[in-house]
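Written out below as structure tokens is the structure these notes cover.
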Protein chains: 2
Amino acid sequence: MTGDRGRLLLTPGPTPVPPAVLAALAEPVVHHRTPEFAAVFSEVLGGLRRVFRTENDVLVLTASGTGAFESAFVNLLSPGDRVLAVSAGEFGTRWQKLGAALGVDVEPLDYAWGETPHPDDLRAALAASRADAVTLVHSETSTGVVCDLERLLAVCRETGTLAIVDAVSSLGAVPLETDAWGADVVVTGSQKALMTPPGLAFVSVSERAWARSGAAMLPRFYWDWAALRRAQEKGSTRFTPATSTVVALAASLRLLLEDGLDAAHARHVALGRACRSGLKAMGLDLYSPDEDRSAVLTAALTPEGVDAVELRLALRDRHGITIAGGHGDLVPRLFRIGHIGYVRLEDIVAALTAIEAELAHAGHELQRGAAAGAARAAYEPAAA
Amino acid sequence: MTGDRGRLLLTPGPTPVPPAVLAALAEPVVHHRTPEFAAVFSEVLGGLRRVFRTENDVLVLTASGTGAFESAFVNLLSPGDRVLAVSAGEFGTRWQKLGAALGVDVEPLDYAWGETPHPDDLRAALAASRADAVTLVHSETSTGVVCDLERLLAVCRETGTLAIVDAVSSLGAVPLETDAWGADVVVTGSQKALMTPPGLAFVSVSERAWARSGAAMLPRFYWDWAALRRAQEKGSTRFTPATSTVVALAASLRLLLEDGLDAAHARHVALGRACRSGLKAMGLDLYSPDEDRSAVLTAALTPEGVDAVELRLALRDRHGITIAGGHGDLVPRLFRIGHIGYVRLEDIVAALTAIEAELAHAGHELQRGAAAGAARAAYEPAAA
């Protein structure tokens, strides 16, 4: 199911890759200046537009999501430009550090980790800061919170502020309407809900963002969007791309779009419900919100006295299941189960029963099987 | 042999990938913060050091070779620093453009395409320019020229000038002694002689380059070497790397180092001899030097009246063989046959006989089979 029973990957990325996508990855390498590559690349660009729900250009970069986010900064901003960077976790903070490193004037709008950014706060911060651009994190992978991006983007439209959206762990998992919601720039990567190995990142660029990029003075060469767009118009890329990963992505987009984005979103909601119900049935406290919107990953706290790091290692070493840990002060208590992309209910049940076994082993009292039962019961109505 | 008879890839990159490497690429995705990844990554870093012939750090970037070259500029230079950029072809010129885009003062040392940079010219240019750094292209993929890098680096050592070497198409194909020759920074990619799909690039950094990087003021975040090194010391990368390509690279480095670098270099010399002999037996003029050092690819001119673009298309469409074309004024006459990495004599013979067939088809008089015979005869002594 995930290719290898000993390796169940339930982290918020990289995520499991379907066998058909791995098979496409292993095809003989194609050259990026051939009609064969142009055909598959054109299919990928069309598929990405559908997943982004946009008529904008979607640019393909050989890089991680962070590289694509850097490309947004250097193509849109000049030294000293002010960026309001909203943070409620690790990735929000990363974009603040990125801006500072590139010589941008970063105005933070900070929440405690685990909180959900609120449109009113954004409105007030924009009024106070008069920022040239805003960075928003759609799905904060460190906490499991998916914000109400539609409402936050509506605030950006009120003030006319250019919005750069980190959708690395959200796009394809939860609804994101690039054009309808007016997101100027949306960044994502291959290795999350797009069910492809890491190595490619994508960025959609609105007409307004293109207009801005003409005046942006931060230096750029590898990340230069205008040059990338010219190459893509000719059916290729500017520099040698991760060709095999492009071929794999074509296969995964076919799988995703065959079922349709709505089906993918419904599946993620169902998986989220299943995961949360199972953890609650064990008596655990959720850290990520207990709501359908936060359908990318589920974060929970171990019971008092059970070390989260030890739990993770036990899952990995005794059950062959890789989940993710917490950050900072929450390392001893927090764990995160990703349910992004090519994940099935059975995978979540496997993780829940393994956690149950380890908690029982640690002396925690619980009813064995309760989590699996609750997960299955919660999944069924949503998936129907 | 290249996995698919219909797809013989004889371009100077991407190059054919051995079946064992494609199989490793298609393994279930591993997470980059696991002991499993740390083990394979450590093997890769050790293997890369052996291929680079260095005790220096070798940093792994998820990017193309151009991205890694950009990383060298932003980690070593400050705005206005002077870089002497030697160019005798497309890639030399690319590094001049890169420097200019990043705000560096680029002093060109230009040769006509196809010429070989000479140590005396470099010495004179360094004396005149007082540059802070030099960029050198070891193998100029656009022309087939491999320079005498050892002697050029000796000139840089005389003046104490920091040397940044583009070894994208050379490392693993022809000798390059990073430490013994004193190359401060060497850049290469996964998709050439390292026989791995594109998507990863590597850069070795000498102690002197590390010292310089502390004072370099060009902005950097994704490319930040110091942060990359800290992550690598912990067995991982700073951002999500192309994990599947790392696993594939481990397999290809195993193949390469099992036979040994000397055997790889000897094979490239033999393939170069075979290719040149075959083309000469058809009466064609070589464009790349007729010398063993230029063992990465062979460039030649079509006979008067035979269009090189048509020849390339015929090879692709009638014979399933992809070779590369020329640039600029030479487009109508120049073609390039790559013999880098996972290429065998049989592949060269297949290309030569296909060219022979197409030239005969175009009315060019030649003795059928002469190229294959000459190629085989030239290969044997070198490979013995």
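Following the order of the structure tokens, first chain is A, next is B, and so on, with residues numbered from 1 inside each chain and ligands from 1 in the order they appear.
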
message: If DSSP is run on the backbone, what residues of stretch 268-319 of chain B are helix (DSSP H, G or I)? A reply as a PyMOL selection string would be ideal.
response: chain B and resi 268-281+308-319

Closest atom pairs, residues of stretch 186-241 of chain A within 12 Å of stretch 88-107 of chain A, only C-alpha atoms, as a tab-separated table:
```
residue	atom	partner	partner_atom	distance
A:Ala216	CA	A:Val104	CA	11.6
A:Met217	CA	A:Gly103	CA	11.0
A:Leu218	CA	A:Leu102	CA	7.9
A:Pro219	CA	A:Leu102	CA	9.4
A:Arg220	CA	A:Leu102	CA	11.0
```

Those same residues, written as a tab-separated table (two decimals), in the first residue's frame with C-alpha atoms?
```
chain	number	residue	atom	x	y	z
A	216	ALA	CA	11.69	44.69	-7.64
A	217	MET	CA	15.38	45.32	-7.05
A	218	LEU	CA	16.53	42.39	-4.93
A	219	PRO	CA	19.22	40.55	-6.93
A	220	ARG	CA	18.17	37.31	-8.63
```

Using only C-alpha atoms, determine which residues lie at most 10 Å from B:Ala351, disregarding the query and same-chain residues fewer than 5 positions distant; provide the list as a CSV table (one decimal) with N, CA and C atoms, in the first residue's frame.
```csv
chain,number,residue,atom,x,y,z
B,8,LEU,N,18.1,6.4,-26.5
B,8,LEU,CA,19.6,6.4,-26.2
B,8,LEU,C,19.9,7.9,-26.0
B,9,LEU,N,20.4,8.2,-24.8
B,9,LEU,CA,20.6,9.6,-24.5
B,9,LEU,C,22.1,9.9,-24.5
B,10,LEU,N,22.6,10.6,-25.6
B,10,LEU,CA,24.0,10.9,-25.7
B,10,LEU,C,24.2,12.4,-25.7
B,275,CYS,N,34.9,8.1,-30.3
B,275,CYS,CA,34.0,9.0,-30.9
B,275,CYS,C,34.7,9.8,-32.0
B,278,GLY,N,35.8,7.7,-35.0
B,278,GLY,CA,34.6,7.4,-35.9
B,278,GLY,C,34.2,8.6,-36.7
B,315,LEU,N,18.2,11.6,-36.2
B,315,LEU,CA,18.8,10.7,-35.2
B,315,LEU,C,17.7,10.4,-34.2
B,319,HIS,N,16.1,7.0,-35.3
B,319,HIS,CA,17.0,6.1,-34.6
B,319,HIS,C,16.9,6.0,-33.1
B,320,GLY,N,16.1,6.9,-32.6
B,320,GLY,CA,15.9,7.0,-31.1
B,320,GLY,C,17.1,7.4,-30.3
B,321,ILE,N,17.9,8.2,-31.0
B,321,ILE,CA,19.1,8.6,-30.3
B,321,ILE,C,19.1,10.2,-30.2
B,322,THR,N,19.3,10.6,-28.9
B,322,THR,CA,19.3,12.0,-28.7
B,322,THR,C,20.7,12.5,-28.5
B,323,ILE,N,21.1,13.4,-29.4
B,323,ILE,CA,22.4,14.1,-29.2
B,323,ILE,C,22.1,15.6,-29.1
B,337,ILE,N,28.1,15.1,-29.3
B,337,ILE,CA,27.8,13.7,-28.8
B,337,ILE,C,28.4,13.7,-27.4
B,345,LEU,N,30.9,1.8,-25.3
B,345,LEU,CA,31.3,1.9,-26.7
B,345,LEU,C,30.2,1.6,-27.7
B,346,GLU,N,29.3,0.6,-27.3
B,346,GLU,CA,28.2,0.3,-28.2
B,346,GLU,C,27.3,1.5,-28.5
B,356,GLU,N,26.2,8.0,-39.9
B,356,GLU,CA,26.6,7.5,-41.2
B,356,GLU,C,25.4,7.2,-42.2
B,357,ALA,N,24.4,6.6,-41.6
B,357,ALA,CA,23.3,6.3,-42.4
B,357,ALA,C,22.6,7.6,-42.9
B,371,ALA,N,33.2,4.1,-39.7
B,371,ALA,CA,33.2,4.8,-38.5
B,371,ALA,C,33.2,3.8,-37.3
B,372,ALA,N,32.3,2.8,-37.4
B,372,ALA,CA,32.2,1.8,-36.4
B,372,ALA,C,33.6,1.1,-36.2
```

Exercise for review: Up to 9 Å from chain B, what residues of chain A turn up? Count only C-alpha atoms and give them as a PyMOL selection string.
Suggested key: chain A and resi 2-4+7+9+11+13-19+21-32+34+61-67+70+97-99+101-103+191+196-200+218-223+239-245+322

Quiz prompt | Selection: 6 Å around A:Thr135, only C-alpha atoms, excl. self and same-chain fewer than 5 positions, as a VMD selection string | solution = chain A and resid 85 164 to 165

Selected residues written out with N, CA, C and O atoms, as a PDB file, in the first residue's frame:
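Printed below is part.pdb as written:
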```pdb
ATOM      1  N   ALA A  85       4.794  39.829   8.090  1.00  0.00           N
ATOM      2  CA  ALA A  85       4.933  38.374   8.038  1.00  0.00           C
ATOM      3  C   ALA A  85       4.201  37.767   9.230  1.00  0.00           C
ATOM      4  O   ALA A  85       4.608  37.939  10.376  1.00  0.00           O
ATOM      5  N   ILE A 164       1.486  36.835  -0.350  1.00  0.00           N
ATOM      6  CA  ILE A 164       2.322  35.676  -0.681  1.00  0.00           C
ATOM      7  C   ILE A 164       1.927  34.555   0.268  1.00  0.00           C
ATOM      8  O   ILE A 164       2.040  34.696   1.487  1.00  0.00           O
ATOM      9  N   VAL A 165       1.454  33.445  -0.293  1.00  0.00           N
ATOM     10  CA  VAL A 165       0.878  32.388   0.529  1.00  0.00           C
ATOM     11  C   VAL A 165       1.767  31.138   0.514  1.00  0.00           C
ATOM     12  O   VAL A 165       2.095  30.610  -0.544  1.00  0.00           O
TER      13      VAL A 165
END
```

**Request:** Check the DSSP output for the backbone and give back, as a VMD selection string, the residues of stretch 78-305 of chain A in strand (DSSP E or B).
**Result:** chain A and resid 82 to 87 105 to 110 133 to 137 139 to 140 145 to 146 162 to 166 171 174 185 to 189 200 to 205 285 to 286 297 to 301

Neighbours of stretch 202-207 of chain A within 6 Å (only C-alpha atoms; same-chain residues fewer than 5 positions away dropped), as a ChimeraX atom specification? /A:56-60,184-189

Surrounding residues of A:Ser42 excluding itself and chain neighbours under 5 positions, 9 Å, only C-alpha atoms, as a PyMOL selection string
chain A and resi 37+47+232+235-236

Across A:Arg368, A:Thr143, A:Tyr379, A:His265, the smallest distance to A:Leu330, with only C-alpha atoms counted, is shown by A:Thr143

In Å to one decimal, how far is atom CA of A:Ala215 from atom CA of A:Val86?
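Result for atom CA of A:Val86 versus atom CA of A:Ala215: 24.2 Å, one decimal.
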
* Please identify all polymer residues within 12 Å of B:Gly160, counting only C-alpha atoms, omitting same-chain residues fewer than 5 positions from it, and present them as a list in words. =>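 Final neighbour list, sorted by chain and number: Arg123, Leu126, Ala127, Arg130, Ala131, Asp132, Ala133, Val134, Leu153, Ala154, Val155, Gly182, Ala183, Asp184, Arg208 and Ala209 of chain B.
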
Atom CA of A:Arg212 to atom CA of A:Thr159 measures 15.9 Å

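Residue nearest B:Arg82, chosen from B:Val44, B:Leu122, B:Ala128, B:Ala362 and counting only C-alpha atoms: B:Ala128.
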
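Here atom CA of A:Ser277 stands at a distance of 11.1 Å from atom CA of A:Glu291.
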